[in-house]
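Notes for the one structure printed next.
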Amino acid sequence: MKKSLYLYNTGSVKKEHFQPVNDPVNIYCCGPTVYNYAHIGNLRTYIFEDVLKRVLIACGYKVKHVVNITDVGHLVSDADTGEDKMEKGAAREGKTVWDIAEYYTGVFMQNINELNILDPDKWPKATEHISQMIDMIKTLEHKGYTYKTSDGIYFDTTKFENYCDFAKLDPEQLRAGERVDMGEKRAVTDFALWKFSPPDKKRQMEWQSPWGKGFPGWHIECSAMALAYLNQPVDIHCGGSDHIRVHHSNEIAQSEAATGKPFAKYWLHGEFLVMGKGKMAKSGGNFITLDALKKQDFSALDYRMFCYTAHYRTPLTFSWEGLRASAQSLSNLKKQIGALNENGAVNRKKVDEALSSFYDAICDDLNMPRAVAAIYEILRKEGLSDSEKRAAIEKADTVLGLNLTVGLEKAQYQVQSQGKLIKIVSESTLSDSIKDVLVKNAVQRKIAREEKNFALADGIRDLFSAAGVIVKDMPDGSTLCTVKNEKEAQVLLENKPEH
Ligand SMILES: [Zn+2]
């Protein structure tokens with residue numbers, strides 16, 4: 001059975017009970033423009049979207065997730081003027097646009113990976129979907145939504161009756177804004193679907209179209225790629241809150257005009273990361289990358305933890321002290337979890353009960369500050385065994401994505417009573433001398449238990465405990481030894497059994 005989930009919908013301006021149209025749930029997220037490094041403010045949005053996806057999965061939904069890569073057509077200005085960001089990036093670095101796209105796409109993917117963000121089902125690139133964009137523009141032209149100027153094909157927003165609804169735009173105010181130079185556009189909200197290559201300059205990325213050589217507008221890319229892989233209406237469309245006013249209003253107008261169907265049922269938007277006085281932005285030059293955090297000895301997951309200190313719809317102020325506090329919290333949390341004894345029966349019902357306040361938090365519009373607080377409650381909870389606490393936290397971590405129970409084990413060995421190491425469970429291994437003594441002790445303990453020499457068995461167990469090694473008797477009769485820390489395990493060497 002699926003859990004009841006409430007999400008704040010920008011479209012209706014309220015929290016709504018989530019009821020998807022599609023199975024799997026279709027999610028489209030506006031992806032990066034790959035002309036530069038992503039800053040940690042951009043990455044905050046992808047972390048929020050990852051939490052959304054993980055919450056849906058934890059609530060029992062299957063998810064189909066698409067994130068586009070914008071590698072052409074995103075102009076410096078929202079008013080369809082200025083340079084293509086990609087061409088600008090290429091000029092800045094003296095590389096080809098294609099090289100720039102490949103390089104920054106690679107860096108972005110690496111950031112995503114380090115932040116423990118689950119890969120979408122599809123990463124479509126704009127440059128690989130030009131024909132779908134041209135088809136959509138043709139449909140819009142056929143339906144009478146477009147007009148031509150000397151520099152491109154534009155969407156006529158006055159023909160789309162509800163254009164102002166989504167972003168709650170005031171038409172009066174918009175008309176007042178029309179005095180600023182808008183070139184040959186008929187209304188200030190009209191936007192380019194296809195831009196012609198400039199007559200005086202050769203672009204590196206350009207394509208033939210029924211209207212002339214050129215390249216697509218940024219907005220049409222998302223509509224065409226969403227439609228290429230997902231059903232319309234899409235269940236959830238996400239992006240940063242700076243996309244609401246122009247980019248998402250435009251996506252809605254062209255998608256709904258083209259298909260005659262609602263574009264997306266739920267719209268979720270992540271708020272800014274604030275730096276000093278303003279939002280973090282590439283244009284301001286005050287941007288911090290994930291690499292910059294790592295140079296200061298923070299991990300990507302420290303930053304993920306920092307993002308959980310505010311709700312995704314609240315602006316979050318970045319500070320190095322704030323990040324340090326989050327890194328410390330994460331480290332303390334992992335220490336407390338690492339100290340949990342793994343032995344003991346697990347009562348699934350008690351584990352589920354322990355998780356109820358965690359689920360209440362995540363199902364209430366992804367309230368991560370409350371969700372993190374719920375983890376501390378679980379650790380403090382009385383009447384719950386260590387194994388149950390660990391099981392509850394493992395489950396919660398499928399949503400948190402903080403690797404709370406990963407990396408606690410330096411190495412794991414499975415040992416049989418006949419004295420054989422039957423399996424190295426983990427990827428990392430210990431030095432041979434520690435490994436030998438570990439196996440010998442595990443075997444000796446096993447024999448002692450079989451011979452009902454409990455004093456000896458308990459003595460070895462204490463030794464393991466002093467060495468930070470957790471032993472677990474497996475159902476197949478073998479013993480699983482988990483070593484948390486190689487240094488601590490040295491204690492074993494100093495107390496070698498007599499063999
Ligand atoms: Zn988009």
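Identifiers in this document derive from the order of the structure tokens: chains are assigned A, B, ..., residues are numbered from 1 separately in each chain, and ligands are numbered from 1 in order of occurrence.
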Problem - Selection near Gln204 of chain A, 12 Å with only C-alpha atoms, sequence-local residues under 3 positions removed, as a ChimeraX atom specification - result: /A:71-73,84,86-88,90-91,95-100,127,197-198,201,207,213-215
Contact residues around segment 456-459 of chain A with only C-alpha atoms at 6 Å, ignoring same-chain residues under 4 positions, as a compact mmCIF listing (two decimals) with all heavy atoms, in the first residue's frame:
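Output contents, as saved in around.txt:
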```txt
# COMPACT_ATOMS: atom_id res chain seq x y z
N ARG A 445 36.64 -19.08 18.70
CA ARG A 445 35.39 -18.75 19.40
C ARG A 445 34.29 -19.74 19.00
O ARG A 445 33.54 -20.23 19.83
CB ARG A 445 34.96 -17.32 19.05
CG ARG A 445 33.58 -16.98 19.59
CD ARG A 445 33.23 -15.51 19.32
NE ARG A 445 31.81 -15.32 19.52
CZ ARG A 445 30.90 -15.48 18.58
NH1 ARG A 445 31.27 -15.84 17.36
NH2 ARG A 445 29.62 -15.29 18.85
N ALA A 448 34.93 -23.03 20.66
CA ALA A 448 34.63 -22.90 22.10
C ALA A 448 33.13 -22.98 22.33
O ALA A 448 32.66 -23.62 23.27
CB ALA A 448 35.19 -21.58 22.62
N ARG A 449 32.39 -22.34 21.46
CA ARG A 449 30.92 -22.37 21.60
C ARG A 449 30.38 -23.78 21.38
O ARG A 449 29.50 -24.24 22.11
CB ARG A 449 30.26 -21.40 20.62
CG ARG A 449 30.28 -19.95 21.11
CD ARG A 449 29.87 -19.00 20.02
NE ARG A 449 28.46 -19.17 19.69
CZ ARG A 449 27.49 -18.44 20.22
NH1 ARG A 449 27.80 -17.49 21.08
NH2 ARG A 449 26.24 -18.63 19.89
```
Practice task
Enumerate residues in contact with ligand 1: an atom-to-atom distance of at most 9 Å, counting only C-alpha atoms and all ligand atoms. Format the result as JSON, numbers by chain.
Solution key: {"A": [28, 29, 30, 31, 67, 68, 70, 218, 219, 220, 221, 222, 223, 226, 237, 238, 239, 243, 247, 248, 251]}
Export, as a short mmCIF file (atom, residue, chain, number, x, y, z; two decimals), in the first residue's frame, the selected residues with N, CA and C atoms.
```
data_model
loop_
_atom_site.label_atom_id
_atom_site.label_comp_id
_atom_site.auth_asym_id
_atom_site.auth_seq_id
_atom_site.Cartn_x
_atom_site.Cartn_y
_atom_site.Cartn_z
N TYR A 28 9.82 15.20 -14.53
CA TYR A 28 10.75 15.91 -15.40
C TYR A 28 11.42 17.03 -14.62
N CYS A 29 12.74 17.07 -14.66
CA CYS A 29 13.48 18.13 -13.97
C CYS A 29 14.33 18.89 -14.98
N CYS A 30 14.27 20.21 -14.93
CA CYS A 30 15.11 21.01 -15.81
C CYS A 30 16.57 20.79 -15.41
N GLY A 31 17.37 20.44 -16.38
CA GLY A 31 18.76 20.09 -16.10
C GLY A 31 19.71 21.25 -16.32
N VAL A 67 15.97 14.03 -16.73
CA VAL A 67 16.66 15.32 -16.52
C VAL A 67 17.39 15.66 -17.81
N ASN A 68 17.09 16.82 -18.37
CA ASN A 68 17.73 17.16 -19.64
C ASN A 68 19.11 17.79 -19.44
N THR A 70 21.08 20.80 -21.22
CA THR A 70 21.00 21.89 -22.19
C THR A 70 22.40 22.17 -22.71
N TRP A 218 15.69 27.96 -25.76
CA TRP A 218 15.91 27.12 -24.57
C TRP A 218 14.61 26.45 -24.10
N HIS A 219 13.51 27.21 -24.10
CA HIS A 219 12.27 26.69 -23.52
C HIS A 219 11.72 25.48 -24.28
N ILE A 220 11.79 25.54 -25.62
CA ILE A 220 11.22 24.46 -26.43
C ILE A 220 11.97 23.15 -26.19
N GLU A 221 13.23 23.26 -25.78
CA GLU A 221 14.02 22.05 -25.53
C GLU A 221 13.35 21.19 -24.47
N CYS A 222 12.98 21.83 -23.35
CA CYS A 222 12.39 21.05 -22.25
C CYS A 222 11.06 20.44 -22.66
N SER A 223 10.22 21.23 -23.34
CA SER A 223 8.91 20.70 -23.74
C SER A 223 9.08 19.50 -24.67
N ALA A 226 10.68 16.47 -22.72
CA ALA A 226 9.73 15.89 -21.77
C ALA A 226 8.73 15.01 -22.53
N HIS A 237 6.73 18.21 -12.38
CA HIS A 237 7.77 18.95 -13.08
C HIS A 237 8.49 19.79 -12.02
N CYS A 238 9.81 19.73 -12.02
CA CYS A 238 10.59 20.43 -10.99
C CYS A 238 11.58 21.40 -11.62
N GLY A 239 12.04 22.29 -10.78
CA GLY A 239 13.10 23.21 -11.19
C GLY A 239 13.40 24.17 -10.06
N HIS A 243 12.91 29.63 -12.22
CA HIS A 243 12.34 29.20 -13.50
C HIS A 243 10.84 29.49 -13.63
N HIS A 247 10.70 30.64 -17.70
CA HIS A 247 10.95 29.35 -18.33
C HIS A 247 9.76 28.40 -18.19
N HIS A 248 9.20 28.30 -17.00
CA HIS A 248 8.10 27.35 -16.81
C HIS A 248 6.79 27.88 -17.37
N GLU A 251 7.24 26.97 -20.96
CA GLU A 251 7.09 25.53 -21.21
C GLU A 251 5.62 25.14 -21.24
#
```
Handout entry: Residues within 9 Å of Arg390 of chain A, only C-alpha atoms, excluding chain neighbours under 5 positions, as JSON, numbers by chain
Key = {"A": [337, 338, 340, 341, 342, 379, 385, 395, 405]}
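Of the listed residues A:Tyr303, A:Leu493, A:Ala101, A:Asn367, the one whose atoms come nearest to Lys85 of chain A is A:Ala101, with distances taken using only C-alpha atoms.
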Exercise for the section: Can you work out which one of A:Asn403, A:Gln19, A:Asn286, A:Ser255 has the shortest atom-to-atom distance to Leu273 of chain A, counting only C-alpha atoms? Expected result: A:Asn286
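Between Tyr308 of chain A and the residues A:Leu227, A:Val483, A:Ala167, A:Val372, the shortest atom-to-atom distance, using only C-alpha atoms, involves A:Val372.
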Problem - Nearby residues (only C-alpha atoms) at most 9 Å from segment 109-118 of chain A, same-chain spacing under 4 positions excluded, as a ChimeraX atom specification - result: /A:38,43,46-47,49-51,53-54,104-105,290-291,299-301,303-304,401-403
Kindly export the residues of the current selection with N, CA, C and O atoms, as a CSV table (one decimal), in the first residue's frame.
```csv
chain,number,residue,atom,x,y,z
A,38,ALA,N,28.7,23.7,-12.2
A,38,ALA,CA,27.5,24.0,-11.4
A,38,ALA,C,27.9,24.6,-10.1
A,38,ALA,O,29.0,24.1,-9.6
A,43,LEU,N,23.2,22.9,-7.2
A,43,LEU,CA,23.2,21.5,-6.7
A,43,LEU,C,22.2,21.3,-5.6
A,43,LEU,O,21.6,20.3,-5.5
A,46,TYR,N,19.1,20.0,-7.2
A,46,TYR,CA,19.2,18.6,-7.6
A,46,TYR,C,19.1,17.7,-6.4
A,46,TYR,O,18.6,16.6,-6.5
A,47,ILE,N,19.6,18.2,-5.2
A,47,ILE,CA,19.5,17.4,-4.0
A,47,ILE,C,18.0,17.3,-3.6
A,47,ILE,O,17.5,16.3,-3.3
A,49,GLU,N,15.4,17.6,-5.6
A,49,GLU,CA,14.7,16.7,-6.5
A,49,GLU,C,15.0,15.2,-6.2
A,49,GLU,O,14.2,14.4,-6.4
A,50,ASP,N,16.2,15.0,-5.8
A,50,ASP,CA,16.6,13.6,-5.5
A,50,ASP,C,15.8,13.1,-4.2
A,50,ASP,O,15.4,11.9,-4.2
A,51,VAL,N,15.7,14.0,-3.3
A,51,VAL,CA,14.9,13.6,-2.1
A,51,VAL,C,13.4,13.3,-2.5
A,51,VAL,O,12.9,12.3,-2.1
A,53,LYS,N,12.4,12.2,-5.3
A,53,LYS,CA,12.3,10.9,-6.0
A,53,LYS,C,12.5,9.7,-4.9
A,53,LYS,O,11.7,8.8,-5.0
A,54,ARG,N,13.4,9.9,-4.0
A,54,ARG,CA,13.6,8.9,-3.0
A,54,ARG,C,12.4,8.7,-2.1
A,54,ARG,O,12.0,7.6,-1.6
A,104,TYR,N,31.9,19.9,-19.3
A,104,TYR,CA,31.0,20.3,-18.2
A,104,TYR,C,29.9,19.3,-17.9
A,104,TYR,O,29.4,19.2,-16.7
A,105,THR,N,29.5,18.5,-18.9
A,105,THR,CA,28.5,17.5,-18.6
A,105,THR,C,29.2,16.4,-17.7
A,105,THR,O,28.6,16.0,-16.7
A,290,LEU,N,31.3,22.5,-5.8
A,290,LEU,CA,31.5,21.3,-4.9
A,290,LEU,C,33.0,21.1,-4.7
A,290,LEU,O,33.4,20.7,-3.6
A,291,ASP,N,33.8,21.3,-5.8
A,291,ASP,CA,35.3,21.1,-5.6
A,291,ASP,C,35.9,22.1,-4.6
A,291,ASP,O,36.8,21.7,-3.9
A,299,SER,N,33.1,16.9,2.6
A,299,SER,CA,32.7,15.9,1.6
A,299,SER,C,31.4,16.4,1.0
A,299,SER,O,30.7,17.3,1.5
A,300,ALA,N,31.1,15.8,-0.2
A,300,ALA,CA,29.8,16.2,-0.9
A,300,ALA,C,28.6,15.9,0.1
A,300,ALA,O,27.7,16.6,0.1
A,301,LEU,N,28.7,14.8,0.9
A,301,LEU,CA,27.6,14.5,1.7
A,301,LEU,C,27.5,15.4,2.9
A,301,LEU,O,26.4,15.6,3.5
A,303,TYR,N,27.8,18.5,2.5
A,303,TYR,CA,26.9,19.6,1.9
A,303,TYR,C,25.5,19.1,1.8
A,303,TYR,O,24.5,19.9,2.0
A,304,ARG,N,25.3,17.8,1.5
A,304,ARG,CA,23.9,17.3,1.4
A,304,ARG,C,23.2,17.4,2.8
A,304,ARG,O,22.1,17.8,2.9
A,401,GLY,N,19.9,9.5,1.9
A,401,GLY,CA,21.0,9.4,1.0
A,401,GLY,C,22.3,9.9,1.6
A,401,GLY,O,23.2,10.4,0.9
A,402,LEU,N,22.5,9.7,2.9
A,402,LEU,CA,23.7,10.2,3.6
A,402,LEU,C,24.7,9.1,3.8
A,402,LEU,O,25.7,9.3,4.5
A,403,ASN,N,24.4,7.9,3.3
A,403,ASN,CA,25.3,6.7,3.6
A,403,ASN,C,25.6,6.6,5.1
A,403,ASN,O,26.7,6.3,5.5
```
Practice task
Name the residues in contact with Asp23 of chain A at a cut-off of 12 Å, using only C-alpha atoms, excluding same-chain residues fewer than 6 positions from it; report them as a list in words.
Solution key: Leu56, Gly60, Tyr61, Lys62, Val63, Lys64, His65, Leu230, Asn231, Val234 and Asp235 of chain A
Export, as an mmCIF file, in the first residue's frame, the selected residues with N, CA, C and O atoms.
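Saved file result04.cif follows:
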```cif
data_model
loop_
_atom_site.group_PDB
_atom_site.id
_atom_site.type_symbol
_atom_site.label_atom_id
_atom_site.label_comp_id
_atom_site.auth_asym_id
_atom_site.auth_seq_id
_atom_site.Cartn_x
_atom_site.Cartn_y
_atom_site.Cartn_z
ATOM 1 N N LEU A 56 9.233 9.337 -2.990
ATOM 2 C CA LEU A 56 8.221 8.627 -3.787
ATOM 3 C C LEU A 56 8.468 7.125 -3.750
ATOM 4 O O LEU A 56 7.545 6.334 -3.554
ATOM 5 N N GLY A 60 6.294 3.865 -1.922
ATOM 6 C CA GLY A 60 5.756 2.725 -2.663
ATOM 7 C C GLY A 60 5.497 2.978 -4.136
ATOM 8 O O GLY A 60 4.904 2.144 -4.823
ATOM 9 N N TYR A 61 5.936 4.123 -4.649
ATOM 10 C CA TYR A 61 5.727 4.417 -6.064
ATOM 11 C C TYR A 61 6.906 3.944 -6.905
ATOM 12 O O TYR A 61 8.038 3.924 -6.435
ATOM 13 N N LYS A 62 6.606 3.630 -8.161
ATOM 14 C CA LYS A 62 7.672 3.462 -9.145
ATOM 15 C C LYS A 62 7.808 4.814 -9.840
ATOM 16 O O LYS A 62 6.832 5.537 -9.998
ATOM 17 N N VAL A 63 9.037 5.125 -10.236
ATOM 18 C CA VAL A 63 9.302 6.461 -10.764
ATOM 19 C C VAL A 63 9.997 6.382 -12.118
ATOM 20 O O VAL A 63 10.884 5.546 -12.316
ATOM 21 N N LYS A 64 9.582 7.232 -13.049
ATOM 22 C CA LYS A 64 10.329 7.405 -14.302
ATOM 23 C C LYS A 64 10.798 8.854 -14.333
ATOM 24 O O LYS A 64 9.985 9.777 -14.305
ATOM 25 N N HIS A 65 12.100 9.031 -14.358
ATOM 26 C CA HIS A 65 12.687 10.340 -14.096
ATOM 27 C C HIS A 65 13.559 10.779 -15.269
ATOM 28 O O HIS A 65 14.443 10.053 -15.698
ATOM 29 N N LEU A 230 8.210 11.123 -21.738
ATOM 30 C CA LEU A 230 7.206 11.011 -20.675
ATOM 31 C C LEU A 230 5.810 11.228 -21.248
ATOM 32 O O LEU A 230 5.651 11.733 -22.357
ATOM 33 N N ASN A 231 4.813 10.858 -20.454
ATOM 34 C CA ASN A 231 3.432 11.099 -20.858
ATOM 35 C C ASN A 231 3.040 12.522 -20.499
ATOM 36 O O ASN A 231 3.562 13.101 -19.567
ATOM 37 N N VAL A 234 2.721 15.268 -17.452
ATOM 38 C CA VAL A 234 3.784 14.745 -16.604
ATOM 39 C C VAL A 234 3.231 14.845 -15.182
ATOM 40 O O VAL A 234 2.464 15.755 -14.877
ATOM 41 N N ASP A 235 3.574 13.906 -14.298
ATOM 42 C CA ASP A 235 3.040 13.993 -12.936
ATOM 43 C C ASP A 235 3.672 15.147 -12.160
ATOM 44 O O ASP A 235 2.975 15.928 -11.533
#
```
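If you look at atom CA of Val55 of chain A and atom CA of Ile362 of chain A, they are 6.8 Å away from each other.
Picture a line from atom CA of Tyr6 of chain A to atom CA of Val66 of chain A; it runs 21.7 Å.
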Exercise for the section: Excluding segment 316-332 of chain A and any residue of its chain fewer than 3 positions from it, enumerate the residues within 9 Å of it, using only C-alpha atoms, and give them as an MDAnalysis selection string. Expected result: chainID A and resid 41 271:276 279 298:299 301:312 335:337 402 404
Got a sec to tell me which of segment 111-317 of chain A DSSP assigns to strand (DSSP E or B), as a PDB file with N, CA and C atoms, in the first residue's frame?
```pdb
ATOM      1  N   LYS A 122      16.763   8.811 -17.747  1.00  0.00           N
ATOM      2  CA  LYS A 122      17.194   9.351 -19.035  1.00  0.00           C
ATOM      3  C   LYS A 122      17.813  10.725 -18.830  1.00  0.00           C
ATOM      4  N   LYS A 125      20.023  14.936 -24.238  1.00  0.00           N
ATOM      5  CA  LYS A 125      20.759  16.157 -24.586  1.00  0.00           C
ATOM      6  C   LYS A 125      19.964  16.927 -25.624  1.00  0.00           C
ATOM      7  N   THR A 146       2.462  31.067 -33.756  1.00  0.00           N
ATOM      8  CA  THR A 146       3.819  31.600 -33.971  1.00  0.00           C
ATOM      9  C   THR A 146       3.815  32.803 -34.925  1.00  0.00           C
ATOM     10  N   TYR A 147       4.872  33.573 -34.892  1.00  0.00           N
ATOM     11  CA  TYR A 147       5.121  34.587 -35.915  1.00  0.00           C
ATOM     12  C   TYR A 147       6.626  34.691 -36.128  1.00  0.00           C
ATOM     13  N   LYS A 148       6.951  35.294 -37.285  1.00  0.00           N
ATOM     14  CA  LYS A 148       8.366  35.360 -37.668  1.00  0.00           C
ATOM     15  C   LYS A 148       8.872  36.787 -37.564  1.00  0.00           C
ATOM     16  N   GLY A 152      14.074  35.312 -35.799  1.00  0.00           N
ATOM     17  CA  GLY A 152      13.615  33.983 -35.399  1.00  0.00           C
ATOM     18  C   GLY A 152      12.117  33.780 -35.484  1.00  0.00           C
ATOM     19  N   ILE A 153      11.700  32.606 -35.016  1.00  0.00           N
ATOM     20  CA  ILE A 153      10.274  32.263 -34.917  1.00  0.00           C
ATOM     21  C   ILE A 153       9.885  32.419 -33.450  1.00  0.00           C
ATOM     22  N   TYR A 154       8.824  33.152 -33.203  1.00  0.00           N
ATOM     23  CA  TYR A 154       8.421  33.454 -31.820  1.00  0.00           C
ATOM     24  C   TYR A 154       7.058  32.869 -31.478  1.00  0.00           C
ATOM     25  N   PHE A 155       6.882  32.588 -30.193  1.00  0.00           N
ATOM     26  CA  PHE A 155       5.583  32.139 -29.686  1.00  0.00           C
ATOM     27  C   PHE A 155       4.784  33.378 -29.303  1.00  0.00           C
ATOM     28  N   PHE A 191       8.302  34.675 -26.772  1.00  0.00           N
ATOM     29  CA  PHE A 191       9.650  34.109 -26.657  1.00  0.00           C
ATOM     30  C   PHE A 191      10.032  33.328 -27.907  1.00  0.00           C
ATOM     31  N   ALA A 192      11.340  33.193 -28.108  1.00  0.00           N
ATOM     32  CA  ALA A 192      11.863  32.549 -29.315  1.00  0.00           C
ATOM     33  C   ALA A 192      11.708  31.033 -29.243  1.00  0.00           C
ATOM     34  N   LEU A 193      11.182  30.467 -30.310  1.00  0.00           N
ATOM     35  CA  LEU A 193      11.132  29.011 -30.445  1.00  0.00           C
ATOM     36  C   LEU A 193      12.328  28.541 -31.270  1.00  0.00           C
ATOM     37  N   TRP A 194      12.657  29.338 -32.275  1.00  0.00           N
ATOM     38  CA  TRP A 194      13.792  29.032 -33.165  1.00  0.00           C
ATOM     39  C   TRP A 194      14.500  30.333 -33.473  1.00  0.00           C
ATOM     40  N   LYS A 195      15.797  30.343 -33.286  1.00  0.00           N
ATOM     41  CA  LYS A 195      16.566  31.555 -33.585  1.00  0.00           C
ATOM     42  C   LYS A 195      17.396  31.305 -34.848  1.00  0.00           C
ATOM     43  N   PHE A 196      17.443  32.308 -35.724  1.00  0.00           N
ATOM     44  CA  PHE A 196      18.263  32.168 -36.933  1.00  0.00           C
ATOM     45  C   PHE A 196      19.721  32.423 -36.590  1.00  0.00           C
ATOM     46  N   TRP A 207      21.542  24.180 -37.174  1.00  0.00           N
ATOM     47  CA  TRP A 207      20.839  23.120 -37.902  1.00  0.00           C
ATOM     48  C   TRP A 207      19.916  23.728 -38.952  1.00  0.00           C
ATOM     49  N   GLY A 214      19.600  27.636 -38.099  1.00  0.00           N
ATOM     50  CA  GLY A 214      19.606  28.259 -36.767  1.00  0.00           C
ATOM     51  C   GLY A 214      19.667  27.241 -35.649  1.00  0.00           C
ATOM     52  N   PHE A 215      19.077  27.604 -34.534  1.00  0.00           N
ATOM     53  CA  PHE A 215      19.139  26.741 -33.340  1.00  0.00           C
ATOM     54  C   PHE A 215      17.879  26.972 -32.502  1.00  0.00           C
ATOM     55  N   PRO A 216      17.539  25.986 -31.649  1.00  0.00           N
ATOM     56  CA  PRO A 216      16.279  26.098 -30.900  1.00  0.00           C
ATOM     57  C   PRO A 216      16.388  27.074 -29.737  1.00  0.00           C
ATOM     58  N   VAL A 234       2.721  15.268 -17.452  1.00  0.00           N
ATOM     59  CA  VAL A 234       3.784  14.745 -16.604  1.00  0.00           C
ATOM     60  C   VAL A 234       3.231  14.845 -15.182  1.00  0.00           C
ATOM     61  N   ASP A 235       3.574  13.906 -14.298  1.00  0.00           N
ATOM     62  CA  ASP A 235       3.040  13.993 -12.936  1.00  0.00           C
ATOM     63  C   ASP A 235       3.672  15.147 -12.160  1.00  0.00           C
ATOM     64  N   ILE A 236       5.003  15.196 -12.189  1.00  0.00           N
ATOM     65  CA  ILE A 236       5.690  16.248 -11.433  1.00  0.00           C
ATOM     66  C   ILE A 236       6.757  16.898 -12.310  1.00  0.00           C
ATOM     67  N   HIS A 237       6.726  18.205 -12.375  1.00  0.00           N
ATOM     68  CA  HIS A 237       7.770  18.952 -13.077  1.00  0.00           C
ATOM     69  C   HIS A 237       8.488  19.793 -12.022  1.00  0.00           C
ATOM     70  N   CYS A 238       9.813  19.726 -12.017  1.00  0.00           N
ATOM     71  CA  CYS A 238      10.592  20.430 -10.988  1.00  0.00           C
ATOM     72  C   CYS A 238      11.585  21.400 -11.619  1.00  0.00           C
ATOM     73  N   GLY A 239      12.040  22.295 -10.783  1.00  0.00           N
ATOM     74  CA  GLY A 239      13.103  23.208 -11.190  1.00  0.00           C
ATOM     75  C   GLY A 239      13.400  24.166 -10.061  1.00  0.00           C
ATOM     76  N   GLY A 240      14.299  25.083 -10.309  1.00  0.00           N
ATOM     77  CA  GLY A 240      14.589  26.125  -9.329  1.00  0.00           C
ATOM     78  C   GLY A 240      13.498  27.183  -9.382  1.00  0.00           C
ATOM     79  N   ALA A 264       1.716  19.539 -16.938  1.00  0.00           N
ATOM     80  CA  ALA A 264       2.161  18.843 -15.728  1.00  0.00           C
ATOM     81  C   ALA A 264       1.117  19.028 -14.634  1.00  0.00           C
ATOM     82  N   LYS A 265       0.973  18.004 -13.788  1.00  0.00           N
ATOM     83  CA  LYS A 265      -0.033  18.089 -12.735  1.00  0.00           C
ATOM     84  C   LYS A 265       0.506  18.825 -11.497  1.00  0.00           C
ATOM     85  N   TYR A 266       1.725  18.480 -11.107  1.00  0.00           N
ATOM     86  CA  TYR A 266       2.321  19.120  -9.927  1.00  0.00           C
ATOM     87  C   TYR A 266       3.614  19.819 -10.346  1.00  0.00           C
ATOM     88  N   TRP A 267       3.785  21.025  -9.841  1.00  0.00           N
ATOM     89  CA  TRP A 267       5.017  21.790 -10.090  1.00  0.00           C
ATOM     90  C   TRP A 267       5.697  22.030  -8.752  1.00  0.00           C
ATOM     91  N   LEU A 268       6.931  21.546  -8.620  1.00  0.00           N
ATOM     92  CA  LEU A 268       7.671  21.758  -7.378  1.00  0.00           C
ATOM     93  C   LEU A 268       8.926  22.584  -7.672  1.00  0.00           C
ATOM     94  N   HIS A 269       9.175  23.565  -6.828  1.00  0.00           N
ATOM     95  CA  HIS A 269      10.326  24.446  -7.055  1.00  0.00           C
ATOM     96  C   HIS A 269      11.196  24.580  -5.817  1.00  0.00           C
ATOM     97  N   GLY A 270      12.488  24.445  -6.023  1.00  0.00           N
ATOM     98  CA  GLY A 270      13.445  24.589  -4.936  1.00  0.00           C
ATOM     99  C   GLY A 270      13.876  26.041  -4.803  1.00  0.00           C
ATOM    100  N   LEU A 273      19.938  29.165  -2.810  1.00  0.00           N
ATOM    101  CA  LEU A 273      20.967  29.196  -1.780  1.00  0.00           C
ATOM    102  C   LEU A 273      21.439  30.649  -1.759  1.00  0.00           C
ATOM    103  N   VAL A 274      21.445  31.228  -0.579  1.00  0.00           N
ATOM    104  CA  VAL A 274      21.776  32.646  -0.482  1.00  0.00           C
ATOM    105  C   VAL A 274      23.216  32.786   0.002  1.00  0.00           C
ATOM    106  N   MET A 275      23.909  33.728  -0.607  1.00  0.00           N
ATOM    107  CA  MET A 275      25.314  33.948  -0.279  1.00  0.00           C
ATOM    108  C   MET A 275      25.449  35.417   0.049  1.00  0.00           C
ATOM    109  N   GLY A 278      22.833  38.185  -1.754  1.00  0.00           N
ATOM    110  CA  GLY A 278      21.978  37.757  -2.865  1.00  0.00           C
ATOM    111  C   GLY A 278      22.025  36.270  -3.099  1.00  0.00           C
ATOM    112  N   LYS A 279      21.243  35.785  -4.084  1.00  0.00           N
ATOM    113  CA  LYS A 279      21.273  34.369  -4.411  1.00  0.00           C
ATOM    114  C   LYS A 279      22.602  34.050  -5.086  1.00  0.00           C
ATOM    115  N   LEU A 316      18.120  29.257   1.748  1.00  0.00           N
ATOM    116  CA  LEU A 316      19.109  28.764   2.717  1.00  0.00           C
ATOM    117  C   LEU A 316      20.369  29.618   2.573  1.00  0.00           C
ATOM    118  N   THR A 317      20.812  30.154   3.686  1.00  0.00           N
ATOM    119  CA  THR A 317      22.011  30.996   3.634  1.00  0.00           C
ATOM    120  C   THR A 317      23.248  30.128   3.813  1.00  0.00           C
TER     121      THR A 317
END
```
Exercise for the section: Name all residues at most 12 Å from segment 467-471 of chain A (count only C-alpha atoms; drop same-chain ones fewer than 5 positions away) and give them as a PyMOL selection string. Expected result: chain A and resi 338-344+408-415+434-435+437-439+441-443+445-446+457-458+460-462+478-495
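Computed from the coordinates, the atom CA of Phe166 of chain A to atom CA of Lys15 of chain A distance equals 15.7 Å.
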Exercise for the section: Could you pull out the residues in segment 57-172 of chain A that DSSP calls alpha helix (DSSP H) from the backbone, as a ChimeraX atom specification? Expected result: /A:57-58,85-93,97-114,130-142,171-172
